[in-house]
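Written below as structure tokens is the structure these notes are about.
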Amino acid sequence: MNTAALVITALAAVLFVARMLRGPALADRVISVDGFVSTIVVGVTIASARPDSGIVESTVLVVALGGFVGTAVLARFIERRGS
């Protein structure tokens with residue numbers, strides 16, 4: 001079950017990267033980066049659910065906080081830029 005969830009999450013990550021490379025506007029790229037970071041958080045959470053995994057939940061919190069701060073900074077940049 002974990003493997004199927006990781007495959008679906010990886011597919012979502014690939015689609016977010018494709019949108020990031022193809023996005024016509026900067027806002028589209030920022031949203032795709034946010035989605036990509038969210039899929040990373042989900043992937044790490046799924047990987048930490050395995051019994052033999054050494055990943056702790058604090059790793060997920062650090063990645064999620066970094067994604068939130070990065071999105072907030074990029075949104076502020078877009079706001080100041082005016083487009």
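Every chain in the structure tokens takes a letter, A first, then B, and so on in the order presented; its residues are numbered from 1, and the ligands are numbered from 1 following the presented order.
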Which of chain A DSSP labels alpha helix (DSSP H), written as a PyMOL selection string = chain A and resi 2-22+26-48+57-81
Just want the 9 Å neighbourhood of stretch 18-29 of chain A, counted on only C-alpha atoms, with same-chain residues fewer than 3 positions away dropped. Output as a short mmCIF file (atom, residue, chain, number, x, y, z; two decimals) with all heavy atoms, in the first residue's frame.
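Output saved as out_21.cif:
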data_model
loop_
_atom_site.label_atom_id
_atom_site.label_comp_id
_atom_site.auth_asym_id
_atom_site.auth_seq_id
_atom_site.Cartn_x
_atom_site.Cartn_y
_atom_site.Cartn_z
N ALA A 13 4.31 14.87 -8.19
CA ALA A 13 5.51 15.72 -8.16
C ALA A 13 6.02 16.00 -9.56
O ALA A 13 6.41 17.13 -9.88
CB ALA A 13 6.59 15.07 -7.31
N VAL A 14 5.99 14.99 -10.42
CA VAL A 14 6.44 15.18 -11.81
C VAL A 14 5.53 16.17 -12.52
O VAL A 14 5.99 17.04 -13.27
CB VAL A 14 6.48 13.82 -12.55
CG1 VAL A 14 6.62 14.01 -14.04
CG2 VAL A 14 7.60 12.97 -12.00
N LEU A 15 4.24 16.08 -12.28
CA LEU A 15 3.30 17.01 -12.91
C LEU A 15 3.50 18.44 -12.40
O LEU A 15 3.41 19.40 -13.17
CB LEU A 15 1.86 16.56 -12.68
CG LEU A 15 1.47 15.26 -13.40
CD1 LEU A 15 0.07 14.82 -12.97
CD2 LEU A 15 1.54 15.44 -14.90
N SER A 32 3.08 26.10 -8.37
CA SER A 32 3.59 24.76 -8.63
C SER A 32 4.72 24.40 -7.67
O SER A 32 4.85 23.23 -7.28
CB SER A 32 4.04 24.63 -10.08
OG SER A 32 5.16 25.44 -10.32
N VAL A 33 5.54 25.35 -7.29
CA VAL A 33 6.58 25.08 -6.29
C VAL A 33 5.94 24.72 -4.96
O VAL A 33 6.39 23.79 -4.27
CB VAL A 33 7.53 26.30 -6.14
CG1 VAL A 33 8.42 26.15 -4.92
CG2 VAL A 33 8.37 26.47 -7.38
N ASP A 34 4.88 25.43 -4.59
CA ASP A 34 4.18 25.12 -3.34
C ASP A 34 3.58 23.72 -3.39
O ASP A 34 3.67 22.96 -2.43
CB ASP A 34 3.10 26.16 -3.09
CG ASP A 34 2.45 26.00 -1.74
OD1 ASP A 34 3.18 25.72 -0.76
OD2 ASP A 34 1.22 26.16 -1.65
N LEU A 74 7.98 34.24 -1.71
CA LEU A 74 7.72 34.39 -3.15
C LEU A 74 6.44 35.17 -3.41
O LEU A 74 6.38 35.98 -4.34
CB LEU A 74 7.67 33.03 -3.82
CG LEU A 74 9.02 32.32 -3.95
CD1 LEU A 74 8.83 30.90 -4.45
CD2 LEU A 74 9.94 33.09 -4.86
N ALA A 75 5.42 34.96 -2.59
CA ALA A 75 4.18 35.72 -2.75
C ALA A 75 4.42 37.20 -2.48
O ALA A 75 3.88 38.07 -3.18
CB ALA A 75 3.11 35.18 -1.82
N ILE A 78 6.13 38.67 -5.53
CA ILE A 78 5.18 38.92 -6.62
C ILE A 78 4.34 40.15 -6.31
O ILE A 78 4.06 40.96 -7.21
CB ILE A 78 4.29 37.68 -6.84
CG1 ILE A 78 5.11 36.55 -7.44
CG2 ILE A 78 3.12 38.02 -7.77
CD1 ILE A 78 4.34 35.27 -7.55
N SER A 83 3.06 41.97 -10.66
CA SER A 83 2.52 41.16 -11.76
C SER A 83 2.18 39.77 -11.28
O SER A 83 2.61 39.29 -10.33
CB SER A 83 3.49 41.06 -12.91
OG SER A 83 4.67 40.41 -12.53
#
When distances are computed from only C-alpha atoms, which of A:Pro51, A:Ile31, A:Val42, A:Ser58 shows the smallest separation from A:Thr71?
->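 Closest to A:Thr71, using only C-alpha atoms: A:Ile31.
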Can you work out which one of A:Val37, A:Ala72, A:Phe77, A:Val30 has the shortest atom-to-atom distance to A:Ala12, counting only C-alpha atoms?
->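 Using only C-alpha atoms, A:Ala12 sits closest to A:Val37.
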Have a look at A:Val41, A:Val60, A:Val17, A:Ala47 and name the one nearest to A:Asn2; count only C-alpha atoms.
->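 Between A:Val41, A:Val60, A:Val17, A:Ala47, the residue approaching A:Asn2 most closely is A:Ala47.
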Suppose you want the space between atom CA of A:Gly70 and atom CA of A:Ala10; what is it in Å?
->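 Separation of atom CA of A:Gly70 and atom CA of A:Ala10: 21.1 Å.
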Which residue gives the smallest distance to A:Val56 among A:Val44, A:Val73, A:Ala5, A:Phe68, with only C-alpha atoms counted?
->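 Result for the nearest residue to A:Val56: A:Val44.
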The distance between atom CA of A:Thr3 and atom CA of A:Gly43 is 10.4 Å
